[in-house]
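Trainee: I'm passing along query.pdb; it holds PDB, C-alpha atoms.
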MODEL        1
ATOM      1  CA  MET A   1     177.175 283.571 162.793
ATOM      2  CA  HIS A   2     174.540 283.488 160.065
ATOM      3  CA  TRP A   3     170.924 282.908 161.003
ATOM      4  CA  ASN A   4     168.642 281.282 158.437
ATOM      5  CA  VAL A   5     165.159 282.474 159.332
ATOM      6  CA  ASP A   6     162.023 281.591 157.430
ATOM      7  CA  ILE A   7     159.023 283.824 158.015
ATOM      8  CA  PHE A   8     155.565 282.494 157.305
ATOM      9  CA  PHE A   9     152.676 284.891 156.974
ATOM     10  CA  ILE A  10     149.176 283.471 156.898
ATOM     11  CA  VAL A  11     146.517 285.604 155.265
ATOM     12  CA  PRO A  12     143.187 285.296 157.095
ATOM     13  CA  ASN A  13     140.242 283.844 155.245
ATOM     14  CA  GLN A  14     137.810 285.963 153.193
ATOM     15  CA  LEU A  15     139.539 289.268 152.721
ATOM     16  CA  THR A  16     138.521 291.842 150.150
ATOM     17  CA  PHE A  17     140.670 293.800 147.740
ATOM     18  CA  HIS A  18     139.725 297.505 147.829
ATOM     19  CA  GLY A  19     136.272 296.905 146.398
ATOM     20  CA  CYS A  20     137.419 294.412 143.738
ATOM     21  CA  GLY A  21     136.583 291.339 145.791
ATOM     22  CA  ARG A  22     132.912 291.203 146.660
ATOM     23  CA  GLN A  23     132.955 289.289 149.941
ATOM     24  CA  GLN A  24     132.825 291.225 153.199
ATOM     25  CA  SER A  25     136.051 291.005 155.159
ATOM     26  CA  THR A  26     136.086 289.117 158.448
ATOM     27  CA  ASN A  27     138.116 292.086 159.729
ATOM     28  CA  PRO A  28     136.875 295.262 158.025
ATOM     29  CA  SER A  29     140.011 297.172 159.029
ATOM     30  CA  MET A  30     142.244 294.746 157.163
ATOM     31  CA  ASN A  31     141.666 293.863 153.516
ATOM     32  CA  ALA A  32     143.752 291.718 151.191
ATOM     33  CA  SER A  33     145.785 294.575 149.745
ATOM     34  CA  GLN A  34     146.788 295.682 153.259
ATOM     35  CA  TRP A  35     147.882 292.130 154.082
ATOM     36  CA  LEU A  36     149.928 291.972 150.884
ATOM     37  CA  ILE A  37     151.561 295.313 151.686
ATOM     38  CA  ARG A  38     152.548 293.820 155.056
ATOM     39  CA  CYS A  39     154.061 290.870 153.183
ATOM     40  CA  PHE A  40     156.076 293.391 151.135
ATOM     41  CA  LEU A  41     157.216 295.206 154.282
ATOM     42  CA  PHE A  42     158.424 291.914 155.751
ATOM     43  CA  ALA A  43     160.255 291.245 152.451
ATOM     44  CA  LEU A  44     158.286 288.060 151.886
ATOM     45  CA  GLN A  45     158.503 286.585 148.422
ATOM     46  CA  MET A  46     155.107 284.930 148.172
ATOM     47  CA  ALA A  47     151.656 285.218 149.717
ATOM     48  CA  PHE A  48     148.940 282.554 149.731
ATOM     49  CA  LEU A  49     145.303 283.645 149.758
ATOM     50  CA  PRO A  50     142.568 281.127 150.631
ATOM     51  CA  GLU A  51     139.876 279.433 148.610
ATOM     52  CA  GLY A  52     137.043 281.847 147.926
ATOM     53  CA  PHE A  53     139.338 284.885 148.271
ATOM     54  CA  ASP A  54     137.276 286.663 145.605
ATOM     55  CA  PHE A  55     133.823 286.089 147.142
ATOM     56  CA  LEU A  56     131.538 283.441 148.593
ATOM     57  CA  GLY A  57     128.227 283.288 146.784
ATOM     58  CA  GLU A  58     125.031 282.600 148.657
ATOM     59  CA  ASN A  59     123.570 280.588 145.772
ATOM     60  CA  ALA A  60     124.419 279.292 142.299
ATOM     61  CA  ALA A  61     122.920 282.263 140.453
ATOM     62  CA  GLN A  62     124.876 284.785 142.523
ATOM     63  CA  SER A  63     128.119 282.833 142.112
ATOM     64  CA  LEU A  64     127.709 282.712 138.341
ATOM     65  CA  LYS A  65     126.807 286.406 138.147
ATOM     66  CA  GLN A  66     129.936 287.408 140.090
ATOM     67  CA  SER A  67     132.328 285.016 138.323
ATOM     68  CA  GLU A  68     134.964 286.669 136.140
ATOM     69  CA  THR A  69     137.409 285.903 133.356
ATOM     70  CA  LEU A  70     141.155 286.127 133.938
ATOM     71  CA  SER A  71     141.023 289.630 132.445
ATOM     72  CA  GLY A  72     138.285 290.794 134.846
ATOM     73  CA  PRO A  73     138.812 293.454 137.542
ATOM     74  CA  ILE A  74     139.716 291.122 140.431
ATOM     75  CA  ILE A  75     142.620 289.288 138.770
ATOM     76  CA  THR A  76     143.711 292.466 136.956
ATOM     77  CA  ALA A  77     143.965 294.209 140.338
ATOM     78  CA  TYR A  78     145.896 291.327 141.938
ATOM     79  CA  ARG A  79     148.266 291.159 138.932
ATOM     80  CA  ALA A  80     148.977 294.893 139.289
ATOM     81  CA  LEU A  81     149.543 294.559 143.027
ATOM     82  CA  ALA A  82     151.897 291.579 142.561
ATOM     83  CA  LYS A  83     153.943 293.599 140.092
ATOM     84  CA  GLU A  84     153.933 296.748 142.227
ATOM     85  CA  LEU A  85     154.973 294.894 145.396
ATOM     86  CA  ARG A  86     157.278 292.429 143.564
ATOM     87  CA  ILE A  87     155.585 289.471 145.277
ATOM     88  CA  TRP A  88     154.314 286.120 143.981
ATOM     89  CA  LEU A  89     150.678 285.284 144.748
ATOM     90  CA  SER A  90     148.852 281.999 145.159
ATOM     91  CA  LEU A  91     145.139 282.697 144.758
ATOM     92  CA  GLY A  92     142.947 279.764 145.710
ATOM     93  CA  GLY A  93     139.352 279.184 144.746
ATOM     94  CA  PHE A  94     138.806 281.909 142.132
ATOM     95  CA  HIS A  95     135.424 281.758 140.360
ATOM     96  CA  LEU A  96     136.711 281.587 136.773
ATOM     97  CA  LEU A  97     134.262 282.302 133.982
ATOM     98  CA  GLU A  98     135.146 281.133 130.503
ATOM     99  CA  LYS A  99     133.318 282.204 127.363
ATOM    100  CA  GLU A 100     132.441 278.688 126.211
ATOM    101  CA  HIS A 101     130.477 278.076 129.431
ATOM    102  CA  ASP A 102     127.639 280.402 130.310
ATOM    103  CA  LYS A 103     125.817 278.403 132.996
ATOM    104  CA  LYS A 104     128.695 277.410 135.315
ATOM    105  CA  SER A 105     132.170 278.563 136.281
ATOM    106  CA  HIS A 106     135.422 276.839 137.253
ATOM    107  CA  ASN A 107     136.790 276.739 140.785
ATOM    108  CA  ALA A 108     140.342 277.789 139.887
ATOM    109  CA  HIS A 109     143.665 278.215 141.687
ATOM    110  CA  LEU A 110     146.052 280.762 140.165
ATOM    111  CA  ILE A 111     149.735 281.518 140.645
ATOM    112  CA  ILE A 112     150.852 285.037 139.722
ATOM    113  CA  ASP A 113     154.554 285.900 139.589
ATOM    114  CA  ALA A 114     156.268 289.105 140.731
ATOM    115  CA  GLU A 115     155.953 290.515 137.198
ATOM    116  CA  GLY A 116     152.159 290.243 137.445
ATOM    117  CA  THR A 117     151.939 287.330 135.012
ATOM    118  CA  VAL A 118     149.543 284.443 135.600
ATOM    119  CA  VAL A 119     152.004 281.540 135.374
ATOM    120  CA  ALA A 120     149.557 278.726 136.199
ATOM    121  CA  THR A 121     145.803 278.225 136.259
ATOM    122  CA  TYR A 122     144.442 275.019 137.761
ATOM    123  CA  ARG A 123     140.767 274.233 137.256
ATOM    124  CA  LYS A 124     139.488 271.992 140.058
ATOM    125  CA  ALA A 125     139.188 268.499 138.620
ATOM    126  CA  HIS A 126     137.416 266.656 141.445
ATOM    127  CA  LEU A 127     134.191 268.416 142.381
ATOM    128  CA  CYS A 128     132.813 267.633 145.818
ATOM    129  CA  MET A 129     129.446 266.341 146.855
ATOM    130  CA  LEU A 130     128.453 266.335 150.516
ATOM    131  CA  ARG A 131     125.036 265.346 151.767
ATOM    132  CA  ILE A 132     124.112 265.172 155.434
ATOM    133  CA  PRO A 133     120.316 264.800 155.630
ATOM    134  CA  GLY A 134     118.711 267.772 157.306
ATOM    135  CA  LYS A 135     122.009 269.661 157.590
ATOM    136  CA  VAL A 136     124.063 269.995 154.416
ATOM    137  CA  ASP A 137     123.390 269.469 150.743
ATOM    138  CA  LEU A 138     126.405 270.540 148.681
ATOM    139  CA  ASP A 139     126.988 269.404 145.129
ATOM    140  CA  GLU A 140     129.631 271.433 143.279
ATOM    141  CA  ARG A 141     128.586 269.799 140.023
ATOM    142  CA  GLN A 142     125.502 272.026 140.091
ATOM    143  CA  THR A 143     127.562 275.242 139.918
ATOM    144  CA  SER A 144     131.055 274.326 138.715
ATOM    145  CA  ILE A 145     132.702 272.793 135.677
ATOM    146  CA  ALA A 146     135.280 270.103 136.413
ATOM    147  CA  GLY A 147     138.785 270.721 135.111
ATOM    148  CA  ARG A 148     140.410 268.125 132.917
ATOM    149  CA  SER A 149     143.842 267.690 134.460
ATOM    150  CA  ILE A 150     146.077 268.047 137.486
ATOM    151  CA  LEU A 151     148.994 270.440 136.954
ATOM    152  CA  PRO A 152     152.560 269.741 138.025
ATOM    153  CA  PRO A 153     153.993 271.909 140.820
ATOM    154  CA  VAL A 154     155.176 275.386 139.815
ATOM    155  CA  GLN A 155     158.681 276.598 140.708
ATOM    156  CA  THR A 156     158.385 279.740 142.867
ATOM    157  CA  PRO A 157     160.876 281.731 144.934
ATOM    158  CA  VAL A 158     159.828 279.724 148.000
ATOM    159  CA  GLY A 159     160.065 276.315 146.327
ATOM    160  CA  LYS A 160     157.683 274.230 144.284
ATOM    161  CA  ALA A 161     154.014 275.030 144.859
ATOM    162  CA  GLY A 162     151.252 272.606 144.028
ATOM    163  CA  LEU A 163     147.967 273.922 142.743
ATOM    164  CA  MET A 164     144.752 272.583 144.228
ATOM    165  CA  CYS A 165     141.286 273.472 145.381
ATOM    166  CA  VAL A 166     139.928 271.869 148.519
ATOM    167  CA  SER A 167     137.697 268.845 147.989
ATOM    168  CA  ILE A 168     135.411 267.112 150.432
ATOM    169  CA  ALA A 169     134.943 263.461 149.578
TER     170      ALA A 169
ENDMDL
END
Please rewrite the model in this file as structure tokens.

Mentor:
Amino acid sequence: MHWNVDIFFIVPNQLTFHGCGRQQSTNPSMNASQWLIRCFLFALQMAFLPEGFDFLGENAAQSLKQSETLSGPIITAYRALAKELRIWLSLGGFHLLEKEHDKKSHNAHLIIDAEGTVVATYRKAHLCMLRIPGKVDLDERQTSIAGRSILPPVQTPVGKAGLMCVSIA
């Protein structure tokens, strides 16, 4: 008898990567690299990290200051880890800085293959705006640049993966 077993491994929100990510971990004893090593040990083919996996800024100036290009230390470290562990990564909500924009960054979702290559970069196209008087005033247009297109799903070892960043309408 052959058993077909699918294992799903959910990576908890807001993990850091050995000092590369700047957000404090919700569980200081477990950072993103440790979770990805566990994925490797379970022979998983792909791991999905949440929006804001790199950091959560407290204000627009801090978010811009900590934003990085695709060749910055955070993505470089994740690319190396993907290659070392031979695992695909879905990295949601990366603060992507591009040279032509110096006042805002993109909210980007990346897919990295097991060779450490960024195979897709989605820039969030629909920026959210949420206003609840006296409670919440969130307008992503103040800190982020809208992307120009929606990407088709990417073929991965676990099937087709769509790229998105969470929007609140």

Trainee: Which residue gives the smallest distance to Gly159 (chain A) among A:Thr69, A:Asp137, A:His126, A:Met46, with all atoms listed in the file counted?

Mentor: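 Answer, going by the shortest atom-to-atom distance: A:Met46.
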
Trainee: Give me, please, the distance in Å between CA of Asp139 (chain A) and CA of Gly93 (chain A), quoted to one decimal.

Mentor: 15.8 Å

Trainee: Can you tell me how far CA of Phe48 (chain A) sits from CA of Ser90 (chain A), in Å to one decimal?

Mentor: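 For CA of Phe48 (chain A) relative to CA of Ser90 (chain A), the distance reads 4.6 Å.
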
Trainee: Once the PyMOL selection byres ((chain A and resi 56-62) around 10) is applied to the coordinates I shared, what remains selected? I want it as a ChimeraX atom specification.

Mentor: /A:14,21-24,51-55,63-67,93-95,103-105,140,142-144

Trainee: So, with only C-alpha atoms as the atoms that count, which of A:Leu138, A:Leu85, A:Ala146, A:Met164 lies closest to Tyr122 (chain A)?

Mentor: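 Using only C-alpha atoms, Tyr122 (chain A) sits closest to A:Met164.
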
Trainee: Pick from A:Glu115, A:Leu127, A:Ser149, A:Trp88: nearest to Ala161 (chain A), with only C-alpha atoms counted?

Mentor: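 Among the listed residues, the smallest separation from Ala161 (chain A) belongs to A:Trp88.
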
Trainee: Quick one: everything within 12 Å of region 151-158 of chain A, counting all atoms listed in the file, minus sequence neighbours fewer than 2 positions away in the same chain. Send it as a ChimeraX atom specification.

Mentor: /A:6-8,44-48,86-90,108-114,118-125,147-149,160-165

Trainee: Okay, now the selection with C-alpha atoms, as a CSV table (one decimal), keeping the file's coordinate frame?

Mentor:
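Contents of selection26.csv, as written:
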chain,number,residue,atom,x,y,z
A,6,ASP,CA,162.0,281.6,157.4
A,7,ILE,CA,159.0,283.8,158.0
A,8,PHE,CA,155.6,282.5,157.3
A,44,LEU,CA,158.3,288.1,151.9
A,45,GLN,CA,158.5,286.6,148.4
A,46,MET,CA,155.1,284.9,148.2
A,47,ALA,CA,151.7,285.2,149.7
A,48,PHE,CA,148.9,282.6,149.7
A,86,ARG,CA,157.3,292.4,143.6
A,87,ILE,CA,155.6,289.5,145.3
A,88,TRP,CA,154.3,286.1,144.0
A,89,LEU,CA,150.7,285.3,144.7
A,90,SER,CA,148.9,282.0,145.2
A,108,ALA,CA,140.3,277.8,139.9
A,109,HIS,CA,143.7,278.2,141.7
A,110,LEU,CA,146.1,280.8,140.2
A,111,ILE,CA,149.7,281.5,140.6
A,112,ILE,CA,150.9,285.0,139.7
A,113,ASP,CA,154.6,285.9,139.6
A,114,ALA,CA,156.3,289.1,140.7
A,118,VAL,CA,149.5,284.4,135.6
A,119,VAL,CA,152.0,281.5,135.4
A,120,ALA,CA,149.6,278.7,136.2
A,121,THR,CA,145.8,278.2,136.3
A,122,TYR,CA,144.4,275.0,137.8
A,123,ARG,CA,140.8,274.2,137.3
A,124,LYS,CA,139.5,272.0,140.1
A,125,ALA,CA,139.2,268.5,138.6
A,147,GLY,CA,138.8,270.7,135.1
A,148,ARG,CA,140.4,268.1,132.9
A,149,SER,CA,143.8,267.7,134.5
A,160,LYS,CA,157.7,274.2,144.3
A,161,ALA,CA,154.0,275.0,144.9
A,162,GLY,CA,151.3,272.6,144.0
A,163,LEU,CA,148.0,273.9,142.7
A,164,MET,CA,144.8,272.6,144.2
A,165,CYS,CA,141.3,273.5,145.4

Trainee: Can you give me, as a VMD selection string, the residues this file yields under the PyMOL selection byres ((chain A and resi 130) around 12)?

Mentor: chain A and resid 127 to 129 131 to 141 167 to 169

Trainee: Quick one: pull the distance between CA of Gln34 (chain A) and CA of Glu84 (chain A), Å, one decimal.

Mentor: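 Pair CA of Gln34 (chain A) / CA of Glu84 (chain A) returns 13.2 Å.
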
Trainee: Mind checking which residues fall within 6 Å of Glu68 (chain A), counting all atoms listed in the file, ignoring those fewer than 4 positions away in the same chain, and posting them as a VMD selection string?

Mentor: chain A and resid 72 96 to 97

Trainee: Produce the centre coordinates and the three edge lengths, each in Å to one decimal, of the box along x, y and z that contains all listed atoms of region 63-75 of chain A with 4 Å added on each side, as JSON.

Mentor:
{"center_x": 134.7, "center_y": 288.1, "center_z": 137.3, "size_x": 23.8, "size_y": 18.7, "size_z": 17.7}

Trainee: Here is a test: counting all atoms listed in the file, which residue of A:Ile150, A:Ile145, A:Gly116, A:Ala43 is nearest to Tyr78 (chain A)?

Mentor: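 Smallest separation from Tyr78 (chain A) among the options: A:Gly116.
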